[in-house]
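File shown: query-v3.csv (CSV, C-alpha atoms).
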```csv
chain,number,residue,atom,x,y,z
O,1,MET,CA,0.0,0.0,0.0
O,2,ILE,CA,1.3,3.5,-0.9
O,3,ALA,CA,0.7,5.8,2.1
O,4,HIS,CA,2.1,9.0,0.6
O,5,LEU,CA,4.3,10.3,-2.2
O,6,THR,CA,7.0,13.0,-2.1
O,7,GLY,CA,8.3,14.3,-5.4
O,8,ARG,CA,8.1,17.0,-8.0
O,9,LEU,CA,4.7,18.2,-9.1
O,10,ALA,CA,4.9,17.6,-12.8
O,11,ALA,CA,1.4,18.6,-13.9
O,12,THR,CA,-2.1,19.3,-12.7
O,13,ASP,CA,-5.5,19.2,-14.4
O,14,ILE,CA,-9.0,19.8,-13.3
O,15,ASP,CA,-9.3,16.5,-11.3
O,16,HIS,CA,-5.8,15.1,-10.9
O,17,ALA,CA,-2.1,15.8,-10.4
O,18,VAL,CA,1.0,14.0,-11.7
O,19,ILE,CA,3.8,13.5,-9.1
O,20,ASP,CA,7.2,12.7,-10.5
O,21,VAL,CA,9.0,10.4,-8.0
O,22,GLY,CA,12.4,9.3,-9.2
O,23,GLY,CA,11.5,9.6,-12.8
O,24,VAL,CA,8.1,7.8,-12.4
O,25,GLY,CA,5.0,9.9,-12.9
O,26,TYR,CA,2.2,8.9,-10.5
O,27,LEU,CA,-1.2,10.2,-11.6
O,28,VAL,CA,-3.3,10.9,-8.5
O,29,GLY,CA,-7.0,11.9,-8.6
O,30,SER,CA,-7.5,14.9,-6.3
O,31,SER,CA,-10.1,17.4,-5.1
O,32,ALA,CA,-10.0,21.0,-6.3
O,33,LYS,CA,-9.0,22.0,-2.7
O,34,THR,CA,-6.0,19.7,-2.8
O,35,LEU,CA,-4.9,20.9,-6.2
O,36,ALA,CA,-5.1,24.5,-5.0
O,37,ALA,CA,-3.1,23.6,-1.8
O,38,ILE,CA,-0.2,21.6,-3.1
O,39,GLY,CA,1.6,24.5,-4.8
O,40,PRO,CA,2.9,25.4,-8.2
O,41,VAL,CA,4.0,22.9,-10.9
O,42,GLY,CA,7.7,22.2,-10.6
O,43,GLY,CA,7.8,22.4,-6.8
O,44,THR,CA,8.4,19.5,-4.4
O,45,VAL,CA,5.2,18.2,-2.8
O,46,THR,CA,4.2,15.5,-0.3
O,47,ILE,CA,0.7,14.1,-0.9
O,48,HIS,CA,-1.2,11.5,1.1
O,49,THR,CA,-2.6,8.7,-1.0
O,50,GLU,CA,-5.4,6.1,-1.1
O,51,MET,CA,-5.1,3.2,-3.5
O,52,LEU,CA,-8.3,2.0,-5.1
O,53,VAL,CA,-8.2,-1.5,-6.6
O,54,SER,CA,-11.0,-2.9,-8.8
O,55,GLU,CA,-11.2,-5.7,-11.3
O,56,ASP,CA,-10.0,-3.6,-14.2
O,57,SER,CA,-7.9,-0.8,-12.7
O,58,ILE,CA,-5.7,0.4,-9.9
O,59,ARG,CA,-6.0,4.2,-9.1
O,60,LEU,CA,-4.3,6.5,-6.7
O,61,MET,CA,-6.2,9.3,-5.0
O,62,GLY,CA,-4.1,12.1,-3.5
O,63,PHE,CA,-4.8,14.5,-0.6
O,64,ALA,CA,-3.1,17.6,0.7
O,65,ASP,CA,-3.5,16.2,4.3
O,66,ALA,CA,-4.4,13.1,6.2
O,67,ASP,CA,-7.7,14.6,7.4
O,68,GLU,CA,-9.0,15.0,3.9
O,69,ARG,CA,-7.9,11.5,3.0
O,70,ASP,CA,-9.8,10.0,6.0
O,71,TRP,CA,-12.9,11.9,5.1
O,72,PHE,CA,-12.6,10.4,1.6
O,73,ARG,CA,-12.5,7.0,3.2
O,74,LEU,CA,-15.6,7.7,5.2
O,75,LEU,CA,-17.5,9.1,2.2
O,76,THR,CA,-16.7,6.2,-0.1
O,77,GLY,CA,-18.0,3.9,2.7
O,78,VAL,CA,-21.5,5.3,2.1
O,79,GLN,CA,-23.6,3.4,-0.4
O,80,GLY,CA,-23.8,5.4,-3.7
O,81,VAL,CA,-20.7,7.4,-3.1
O,82,GLY,CA,-17.8,6.5,-5.3
O,83,ALA,CA,-14.5,8.1,-5.7
O,84,ARG,CA,-15.7,10.7,-8.2
O,85,VAL,CA,-18.6,11.9,-5.9
O,86,ALA,CA,-16.3,11.9,-2.8
O,87,LEU,CA,-13.8,14.1,-4.6
O,88,ALA,CA,-16.6,16.4,-5.7
O,89,ILE,CA,-17.8,16.8,-2.1
O,90,LEU,CA,-14.2,17.4,-0.9
O,91,SER,CA,-13.8,20.0,-3.7
O,92,VAL,CA,-16.5,22.2,-2.3
O,93,LEU,CA,-16.2,21.4,1.4
O,94,ALA,CA,-13.0,21.4,3.4
O,95,PRO,CA,-12.8,18.7,6.2
O,96,ASP,CA,-13.8,21.1,8.9
O,97,GLU,CA,-16.8,22.3,6.8
O,98,LEU,CA,-17.8,18.7,6.1
O,99,ARG,CA,-17.4,17.8,9.8
O,100,ALA,CA,-19.7,20.7,10.7
O,101,ALA,CA,-22.3,19.7,8.0
O,102,VAL,CA,-22.4,16.2,9.4
O,103,ALA,CA,-22.7,17.3,13.0
O,104,ARG,CA,-25.6,19.6,12.1
O,105,GLN,CA,-27.1,17.1,9.7
O,106,ASP,CA,-27.0,19.8,7.0
O,107,LYS,CA,-27.8,17.9,3.9
O,108,ALA,CA,-28.2,21.1,1.8
O,109,MET,CA,-24.6,21.9,2.4
O,110,VAL,CA,-23.4,18.5,1.2
O,111,ALA,CA,-25.8,18.7,-1.8
O,112,ARG,CA,-23.8,21.7,-3.1
O,113,ALA,CA,-21.4,19.2,-4.6
O,114,ASN,CA,-21.8,18.1,-8.2
O,115,GLY,CA,-23.5,14.7,-8.5
O,116,VAL,CA,-25.0,14.8,-5.0
O,117,GLY,CA,-28.8,15.0,-4.9
O,118,PRO,CA,-31.0,15.6,-1.8
O,119,LYS,CA,-31.5,11.9,-1.1
O,120,LEU,CA,-27.8,11.0,-1.3
O,121,ALA,CA,-26.9,14.1,0.8
O,122,GLU,CA,-29.4,13.0,3.4
O,123,ARG,CA,-27.9,9.4,3.4
O,124,ILE,CA,-24.4,10.8,3.8
O,125,VAL,CA,-25.0,13.1,6.8
O,126,ARG,CA,-27.1,10.4,8.4
O,127,GLU,CA,-24.6,7.5,8.0
O,128,LEU,CA,-21.6,9.6,8.8
O,129,LYS,CA,-22.9,11.2,12.0
O,130,ASP,CA,-22.2,8.0,13.9
O,131,LYS,CA,-19.2,6.8,11.9
O,132,ALA,CA,-17.4,10.1,12.1
O,133,GLY,CA,-18.0,10.3,15.8
O,134,GLY,CA,-16.6,6.8,16.4
O,135,PHE,CA,-13.7,7.5,14.1
O,136,GLY,CA,-12.8,10.5,16.2
O,137,ILE,CA,-11.9,12.9,13.4
O,138,GLY,CA,-11.2,16.3,14.9
O,139,ALA,CA,-9.2,19.4,14.5
O,140,ALA,CA,-6.3,17.7,16.3
O,141,GLY,CA,-5.9,15.2,13.5
O,142,VAL,CA,-6.8,11.7,12.5
O,143,ALA,CA,-8.9,9.4,14.7
O,144,GLY,CA,-8.5,11.5,17.8
O,145,ALA,CA,-4.7,11.6,17.7
O,146,SER,CA,-3.3,13.9,20.3
O,147,PRO,CA,-2.5,17.4,19.2
O,148,ALA,CA,1.2,16.7,19.5
O,149,ALA,CA,1.0,13.8,17.1
O,150,GLY,CA,2.6,14.4,13.8
O,151,GLY,CA,1.8,13.1,10.3
O,152,GLN,CA,3.7,9.9,11.0
O,153,ALA,CA,1.6,9.0,14.0
O,154,GLN,CA,-1.5,9.8,12.0
O,155,ASP,CA,-0.4,7.6,9.2
O,156,ALA,CA,0.3,4.8,11.6
O,157,VAL,CA,-3.2,5.1,13.1
O,158,SER,CA,-4.6,5.0,9.5
O,159,ALA,CA,-2.6,1.9,8.8
O,160,LEU,CA,-4.1,0.0,11.7
O,161,LEU,CA,-7.6,1.2,10.8
O,162,ASN,CA,-7.0,-0.3,7.3
O,163,LEU,CA,-6.1,-3.6,8.9
O,164,GLY,CA,-9.4,-3.7,10.7
O,165,PHE,CA,-8.6,-2.3,14.2
O,166,ARG,CA,-11.2,-0.1,15.8
O,167,ALA,CA,-10.3,3.6,16.2
O,168,PRO,CA,-9.8,3.5,20.0
O,169,GLU,CA,-7.5,0.4,19.7
O,170,ALA,CA,-5.5,2.0,16.9
O,171,ASN,CA,-5.0,5.2,18.8
O,172,ALA,CA,-4.0,3.5,22.0
O,173,ALA,CA,-1.6,1.2,20.3
O,174,VAL,CA,0.2,4.0,18.4
O,175,ARG,CA,0.5,6.1,21.5
O,176,ALA,CA,1.9,3.2,23.4
O,177,ALA,CA,4.3,2.5,20.6
O,178,GLU,CA,5.5,6.1,20.6
O,179,ASP,CA,6.0,6.0,24.4
O,180,ALA,CA,8.1,2.8,24.0
O,181,ILE,CA,10.3,3.7,21.0
O,182,GLY,CA,10.0,7.4,20.7
O,183,PRO,CA,8.1,9.7,18.3
O,184,ASP,CA,11.0,9.9,15.9
O,185,ALA,CA,11.1,6.2,15.1
O,186,PRO,CA,10.8,5.2,11.4
O,187,PHE,CA,7.2,4.7,10.2
O,188,ASP,CA,7.5,1.0,9.6
O,189,THR,CA,9.1,0.5,13.0
O,190,LEU,CA,6.3,2.5,14.6
O,191,VAL,CA,3.6,0.4,12.8
O,192,ARG,CA,5.2,-2.9,13.8
O,193,GLU,CA,5.5,-1.8,17.4
O,194,ALA,CA,1.9,-0.6,17.4
O,195,LEU,CA,0.7,-3.9,15.9
O,196,LYS,CA,2.4,-5.8,18.7
O,197,ARG,CA,0.7,-3.7,21.3
O,198,ALA,CA,-2.7,-3.8,19.6
O,199,SER,CA,-2.7,-7.5,19.4
O,200,ARG,CA,-2.0,-8.0,23.1
```
Could you write out this structure as structure tokens?
Amino acid sequence: MIAHLTGRLAATDIDHAVIDVGGVGYLVGSSAKTLAAIGPVGGTVTIHTEMLVSEDSIRLMGFADADERDWFRLLTGVQGVGARVALAILSVLAPDELRAAVARQDKAMVARANGVGPKLAERIVRELKDKAGGFGIGAAGVAGASPAAGGQAQDAVSALLNLGFRAPEANAAVRAAEDAIGPDAPFDTLVREALKRASR
């Protein structure tokens, strides 16, 4: 699984960017907000990614931060919301705005996105109200990570969530791993240590 890419921003279009990493161009589908945030073509960027695998394709989605990526995961977990619709929503609503819309059950706000009708918007805010609360997405970061936690800790929590751990277990395991080996440990070492502690 590719968690993030760091490289030269080779090109952008209306719904994707091309990141050149060591001479290999990765095409990543992105929201308008991410494309506006990652800077000018030619600069060095780090983009969080989500890999979508289907019978006939493998696609990368790219996000300016882990918060947007995790909302993409939540959105695509709602029936009727595919990658295109999720990116359309994230193009008009930043994570904080989407969080507020879900908390208020404001389906009209979500329906501002292209391809989202009233019924789908209602389903999104209804289903995500409980899921987002359990997932613990907040201003401090991913899945209730502490304010001091950096992107590496957030990515480690996301890795455990992808493996099927519940959010409280993933958070506790990553915090325990950081306490044991230090916050500056390599990402793979942090994940391995968190997995040991989550399985106890």
Query raised in the report: For O:Asp20, which residue among O:Gly115, O:Gly77, O:Gly82, O:Gly42 is the nearest when counting all atoms listed in the file?
Result: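 The answer is O:Gly42, which sits nearest to O:Asp20.
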Which stretch 14-68 of chain O residues have any atom within 12 Å of an atom of stretch 151-163 of chain O, and for each, what is the nearest pair of atoms with distance in Å to one decimal, counting all atoms listed in the file, rows sorted by chain and number, as JSON lines?
```
{"residue": "O:Thr46", "atom": "CA", "partner": "O:Gly151", "partner_atom": "CA", "distance": 11.1}
{"residue": "O:Ile47", "atom": "CA", "partner": "O:Gly151", "partner_atom": "CA", "distance": 11.3}
{"residue": "O:His48", "atom": "CA", "partner": "O:Asp155", "partner_atom": "CA", "distance": 9.0}
{"residue": "O:Thr49", "atom": "CA", "partner": "O:Asp155", "partner_atom": "CA", "distance": 10.5}
{"residue": "O:Glu50", "atom": "CA", "partner": "O:Asn162", "partner_atom": "CA", "distance": 10.7}
{"residue": "O:Met51", "atom": "CA", "partner": "O:Asn162", "partner_atom": "CA", "distance": 11.5}
{"residue": "O:Ala64", "atom": "CA", "partner": "O:Gly151", "partner_atom": "CA", "distance": 11.7}
{"residue": "O:Asp65", "atom": "CA", "partner": "O:Gly151", "partner_atom": "CA", "distance": 8.6}
{"residue": "O:Ala66", "atom": "CA", "partner": "O:Gln154", "partner_atom": "CA", "distance": 7.3}
{"residue": "O:Asp67", "atom": "CA", "partner": "O:Gln154", "partner_atom": "CA", "distance": 9.1}
```
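Atom to atom, atom CA of O:Ala32 and atom CA of O:Gly80 stand 21.0 Å apart.
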Requested in this report: Go through O:Ala11, O:Val174, O:Arg112, O:Leu93 one by one, measure the shortest atom-to-atom distance of each to O:Phe187 using all atoms listed in the file, and give the residue with the smallest value.
Outcome: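 Counting all atoms listed in the file, the residue closest to O:Phe187 is O:Val174.
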Query - Separation of atom CA of O:Pro186 from atom CA of O:Gly39, in Å and rounded to one decimal - result: 26.8 Å
Query raised in the report: Could you name the residues that touch O:Lys131 at 12 Å or less, counting all atoms listed in the file, but leaving out those on the same chain fewer than 5 positions away, as a PyMOL selection string?
Result: chain O and resi 70-71+73-75+77-78+99+102-103+124-126+136-137+143+166-167
File of the preceding selection, C-alpha atoms, as a PDB file, keeping the file's coordinate frame:
```
ATOM      1  CA  ASP O  70      -9.800  10.000   6.000  1.00  0.00           C
ATOM      2  CA  TRP O  71     -12.900  11.900   5.100  1.00  0.00           C
ATOM      3  CA  ARG O  73     -12.500   7.000   3.200  1.00  0.00           C
ATOM      4  CA  LEU O  74     -15.600   7.700   5.200  1.00  0.00           C
ATOM      5  CA  LEU O  75     -17.500   9.100   2.200  1.00  0.00           C
ATOM      6  CA  GLY O  77     -18.000   3.900   2.700  1.00  0.00           C
ATOM      7  CA  VAL O  78     -21.500   5.300   2.100  1.00  0.00           C
ATOM      8  CA  ARG O  99     -17.400  17.800   9.800  1.00  0.00           C
ATOM      9  CA  VAL O 102     -22.400  16.200   9.400  1.00  0.00           C
ATOM     10  CA  ALA O 103     -22.700  17.300  13.000  1.00  0.00           C
ATOM     11  CA  ILE O 124     -24.400  10.800   3.800  1.00  0.00           C
ATOM     12  CA  VAL O 125     -25.000  13.100   6.800  1.00  0.00           C
ATOM     13  CA  ARG O 126     -27.100  10.400   8.400  1.00  0.00           C
ATOM     14  CA  GLY O 136     -12.800  10.500  16.200  1.00  0.00           C
ATOM     15  CA  ILE O 137     -11.900  12.900  13.400  1.00  0.00           C
ATOM     16  CA  ALA O 143      -8.900   9.400  14.700  1.00  0.00           C
ATOM     17  CA  ARG O 166     -11.200  -0.100  15.800  1.00  0.00           C
ATOM     18  CA  ALA O 167     -10.300   3.600  16.200  1.00  0.00           C
TER      19      ALA O 167
END
```
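Between atom CA of O:Glu127 and atom CA of O:Gly29 there is a distance of 24.6 Å.
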Report task. Considering only C-alpha atoms, state which residue in the set O:Pro168, O:Gly182, O:Gly62, O:Gly117 is at the smallest distance from O:Ser30. Result -> O:Gly62
Requested in this report: Could you give me, as a ChimeraX atom specification, the residues within 12 Å of O:Gly23, counting only C-alpha atoms and dropping anything in the same chain fewer than 5 positions from it?
Outcome: /O:7-10,18
Report task. Considering only C-alpha atoms, return as a PyMOL selection string whatever protein or nucleic-acid residues lie within 7 Å of O:Lys107, sequence-local ones (same chain, fewer than 4 positions apart) excluded. Result -> chain O and resi 111+118+121-122+125
Query raised in the report: With only C-alpha atoms as the basis for distance, which of O:Ala3, O:Ile58, O:Leu120, O:Leu98 is at the shortest distance from O:Val85?
Result: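 Among O:Ala3, O:Ile58, O:Leu120, O:Leu98, it is O:Leu120 that comes nearest to O:Val85.
Of the listed residues (O:His4, O:Arg59, O:Lys33, O:Arg104), O:Arg104 comes nearest to O:Leu128; the distances count all atoms listed in the file.
Distances to O:Arg175 were evaluated for O:Val24, O:Ala100, O:Val191, O:Leu90 using all atoms listed in the file, and the minimum falls at O:Val191.
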Requested in this report: Find the spatial neighbours of O:Ser31, counting all atoms listed in the file, within a cut-off of 7 Å - ignore same-chain residues fewer than 4 positions away - and output them as a ChimeraX atom specification.
Outcome: /O:15,35,87-88,90-91
